[in-house]
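Novice: Can you read through this structure? Questions will come right after.
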Amino acid sequence: MSVLDTIKNLRDELNQHNYNYYVLDKPTISDFEFDQKLKQLQDLEAQHPDFFDENSPTQRVGGMVTKNFETIKHEYRMYSLDNSYSIEDLQDWETRIQKVLGDVPLEYTCELKYDGASISISYENGRLVRAVTRGDGFQGDDVTNNIKTIKAVPIHLKGDFPEKFDIRGEIILPFAGFEKMNQDLIEIGEIPYSNPRNTASGSLKLQDSAEVAKRPLDCLLYFVIGNNLPFKTQFEGLQKARDWGFKVPTQSKLAKNLNEVFEYINYWDKHRHDLPYETDGVVIKVNNLQHQEELGYTAKSPRWAMAYKFKAEQVTTKLNSISYQVGRTGAITPVANLEPVQLAGTIVKRASLHNADQIEKLDIRIGDEVFVEKGGEIIPKIIAVAQRGNQVEPTKYITHCPECQTELVRSEGEANHFCPNFYGCPPQIIGRIQHFITRKAMDIDGLGGETVALLFNAGLVTNYADLYELKKEQIIPLERMAEKSAENLINGIEKSKTIPFERVLYALGIRYVGETVAKKLAKHYKSIDAIAQATIMDLILVDEIGDKIAQSVVQFFENQENIRIIDRLKSFGVQLESGEDDVLLSEKLKGKTFVVSGVFEVYSRDDLKKAIEDNGGKVGSSISSKTDYVIAGDNMGPSKLEKANQLKIAIISEMDFKHMIDG
């Protein structure tokens, strides 16, 4: 057997094992055996690069970096669904259908409504060619590289598939994977994700597909669309998709009438919490595809489909106590400690109370029976008091920090109380260092949230500059630390000195300065010294910097302790100035504001925006009297066109813009 034949056989075998494991949930070999075969294939491909195949199982780990996600027009529009909330709504829907189709027998396909991120995947000749997000329904972002990392998505199909078609579905994050991701975040002092749906959606837009590959995403498919499809009903189409290799949930059911639809809804309203992922309702579709075609679409939705939304589950339980947590900025968050109760498939013991205003609004008191709800969000919330307990007096919000006993402050217009003991309150100190080391900030390998707490409690660090003076000998005696772990930590700290200025600025933890604001400030000022010297008025003139951010930045640099820490970071070689790559290409567009609208051929929208900023211009989010130019592509919104004409704003093409910056 030739080397190429060996490689092809290994690819086919590994694809089949992926299908068995991720789609059928019936693995036929151990993880160790799979890894050995994958390693054999990787070695052969490395020795014979001329046999490279982008669809090889070895490419599932990602590694492609997408700076800008190209906007792609959907060949078939992705519509949204009309919602119903009662049996009467569905009966009215059937009546409307019968007015169009006449008195014909109707069957329905019932499917669970998965709470994820919608995706459209295109296949040609049995190979995955493109995956596009829903976007606005007319066009979305090309996320093909990221989708290929999801093992449940087939790269090659099997069987009697059509030459060309699209398949629609949801990218979801199962509960177990979501909880593991949140636990990892909590350990590094980051805020946990609020729900699996938003996390799955955000994962699709990560620039590094290797990061996507690390996330336990799944893909559930439910609708095939194309020309000359080899089936006549929706239910038959689901089975065909399974035969071709897609992960199509088996919970779907063919209903002969609305009564069977109601039975399906009632069953899954009770049993949905037994599933490993989120569902928020049932989708009911007219089964016959010809009937679907006759019914057609409204401006927003298919007339042949309806979503039935489950009601958010509510329970009552007793409020045992209220505790208060201190965040890295000093913000105090009250937490309701509840009598444990079963809710939406999990045991709930705690619920966020947000702030003092929320406690006052609910008039919630210790000992009350309270209504707790868990709707689309994973984090439970208290809706109202169900029955008053024995406490006569309203709840009094704490006046002093629960950690350091400093008197709390609450500024005018602020929702939260704060502990002002910025440099003496342990959770704030630990939280700031934990923020400093996160992946989006300094990305220090070998250093996690628990280790930061160990270092602080051992007296080795009291601020993030102290990290750069750590010695291996100091770290080894700590709990769960060995020589190799200590060495990795020191190497990770050393490597962080190459992190670019904009991320260092974000890592400093200046209140209200998130990733985007840090990029704006770094791009505008080029160095930490220039930012430190800026006045409130100077800062407000920077794009997207308002009063609140400007005041926070000025206050940060007025504090001598912060200046001392920054001076130390400089002495350790941390990047506190922009590199050459961050310098403007020109100032040809200085003082000019552009709005980008439509679909473009030469540039992507993100490329256009970057080119505007690289040449000193400003990108506006909407057309106003301050707009100088609108760069218009295909399918520019008619309302934007009308507004630009009304305001007599110059409308230019992408080629006009190219000539403008080329001189």
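The way I read the labels, and the way they are meant: chains A, B, ... in the order of the structure tokens, residue 1 as the first residue of every chain, and ligand 1 as the first ligand shown, with later ones counted on from there.
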Which neighbours of A:Pro276 fall inside 9 Å, counting only C-alpha atoms, when residues of the same chain fewer than 2 positions from it are skipped, and could you give them as a PyMOL selection string?
Specialist: chain A and resi 174-176+272-274+278
Novice: Could you list, as a PDB file with N, CA and C atoms, in the first residue's frame, every residue within 9 Å of A:Gly169, counting only C-alpha atoms and ignoring same-chain residues fewer than 2 positions away?
Specialist:
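As written to disk, result30.pdb reads:
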ATOM      1  N   TYR A 114     -33.686  24.737  20.024  1.00  0.00           N
ATOM      2  CA  TYR A 114     -32.404  24.765  20.718  1.00  0.00           C
ATOM      3  C   TYR A 114     -31.942  26.209  20.891  1.00  0.00           C
ATOM      4  N   GLY A 116     -29.229  28.333  20.867  1.00  0.00           N
ATOM      5  CA  GLY A 116     -27.823  28.453  20.494  1.00  0.00           C
ATOM      6  C   GLY A 116     -27.627  29.570  19.494  1.00  0.00           C
ATOM      7  N   ALA A 117     -26.568  29.459  18.707  1.00  0.00           N
ATOM      8  CA  ALA A 117     -26.257  30.453  17.673  1.00  0.00           C
ATOM      9  C   ALA A 117     -26.564  29.833  16.312  1.00  0.00           C
ATOM     10  N   SER A 118     -27.421  30.483  15.540  1.00  0.00           N
ATOM     11  CA  SER A 118     -27.841  29.930  14.248  1.00  0.00           C
ATOM     12  C   SER A 118     -26.680  29.919  13.262  1.00  0.00           C
ATOM     13  N   ILE A 119     -26.643  28.857  12.453  1.00  0.00           N
ATOM     14  CA  ILE A 119     -25.572  28.712  11.468  1.00  0.00           C
ATOM     15  C   ILE A 119     -26.135  28.136  10.181  1.00  0.00           C
ATOM     16  N   SER A 120     -25.577  28.529   9.062  1.00  0.00           N
ATOM     17  CA  SER A 120     -25.914  27.952   7.762  1.00  0.00           C
ATOM     18  C   SER A 120     -24.631  27.398   7.164  1.00  0.00           C
ATOM     19  N   ILE A 121     -24.628  26.091   6.868  1.00  0.00           N
ATOM     20  CA  ILE A 121     -23.428  25.430   6.361  1.00  0.00           C
ATOM     21  C   ILE A 121     -23.690  24.953   4.938  1.00  0.00           C
ATOM     22  N   ILE A 167     -27.443  23.515   4.895  1.00  0.00           N
ATOM     23  CA  ILE A 167     -28.132  22.930   6.047  1.00  0.00           C
ATOM     24  C   ILE A 167     -28.055  23.912   7.203  1.00  0.00           C
ATOM     25  N   ILE A 171     -25.429  26.164  16.796  1.00  0.00           N
ATOM     26  CA  ILE A 171     -24.206  25.853  17.523  1.00  0.00           C
ATOM     27  C   ILE A 171     -24.539  26.032  19.001  1.00  0.00           C
ATOM     28  N   CYS A 219     -23.036  20.899  17.484  1.00  0.00           N
ATOM     29  CA  CYS A 219     -23.841  21.451  16.391  1.00  0.00           C
ATOM     30  C   CYS A 219     -25.022  20.530  16.128  1.00  0.00           C
ATOM     31  N   LEU A 220     -26.234  21.056  16.299  1.00  0.00           N
ATOM     32  CA  LEU A 220     -27.461  20.301  16.056  1.00  0.00           C
ATOM     33  C   LEU A 220     -28.126  20.859  14.798  1.00  0.00           C
ATOM     34  N   LEU A 221     -28.353  20.008  13.794  1.00  0.00           N
ATOM     35  CA  LEU A 221     -28.886  20.442  12.496  1.00  0.00           C
ATOM     36  C   LEU A 221     -30.365  20.092  12.380  1.00  0.00           C
ATOM     37  N   TYR A 222     -31.132  20.937  11.636  1.00  0.00           N
ATOM     38  CA  TYR A 222     -32.574  20.686  11.605  1.00  0.00           C
ATOM     39  C   TYR A 222     -33.285  21.094  10.315  1.00  0.00           C
ATOM     40  N   PHE A 223     -32.579  21.617   9.324  1.00  0.00           N
ATOM     41  CA  PHE A 223     -33.313  22.050   8.131  1.00  0.00           C
ATOM     42  C   PHE A 223     -32.405  22.078   6.914  1.00  0.00           C
ATOM     43  N   VAL A 248     -28.437  15.160  13.810  1.00  0.00           N
ATOM     44  CA  VAL A 248     -29.816  15.648  13.847  1.00  0.00           C
ATOM     45  C   VAL A 248     -30.474  15.041  15.078  1.00  0.00           C
TER      46      VAL A 248
END
Novice: Tell me which protein, DNA and RNA residues are within 10 Å of A:Ile364, counting only C-alpha atoms, leaving out same-chain ones fewer than 2 positions away, and put them as a ChimeraX atom specification.
Specialist: /A:319,322,336,353,358-362,366-370,382,384-386,388-389,391,394-395
Novice: I'd like the interatomic distance between atom CA of A:Phe246 and atom CA of A:Glu211, to a tenth of an Å.
Specialist: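 So the two atoms, atom CA of A:Phe246 and atom CA of A:Glu211, lie 23.5 Å apart.
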Novice: List every residue of stretch 250-320 of chain A that DSSP, applied to the backbone of this structure, assigns to strand (DSSP E or B), and report them as a PyMOL selection string.
Specialist: chain A and resi 253-255+279-286+288+297+302+305-309+313-320
Novice: To one decimal place, how far is atom CA of A:Pro57 from atom CA of A:Asn18 in Å?
Specialist: 8.7 Å
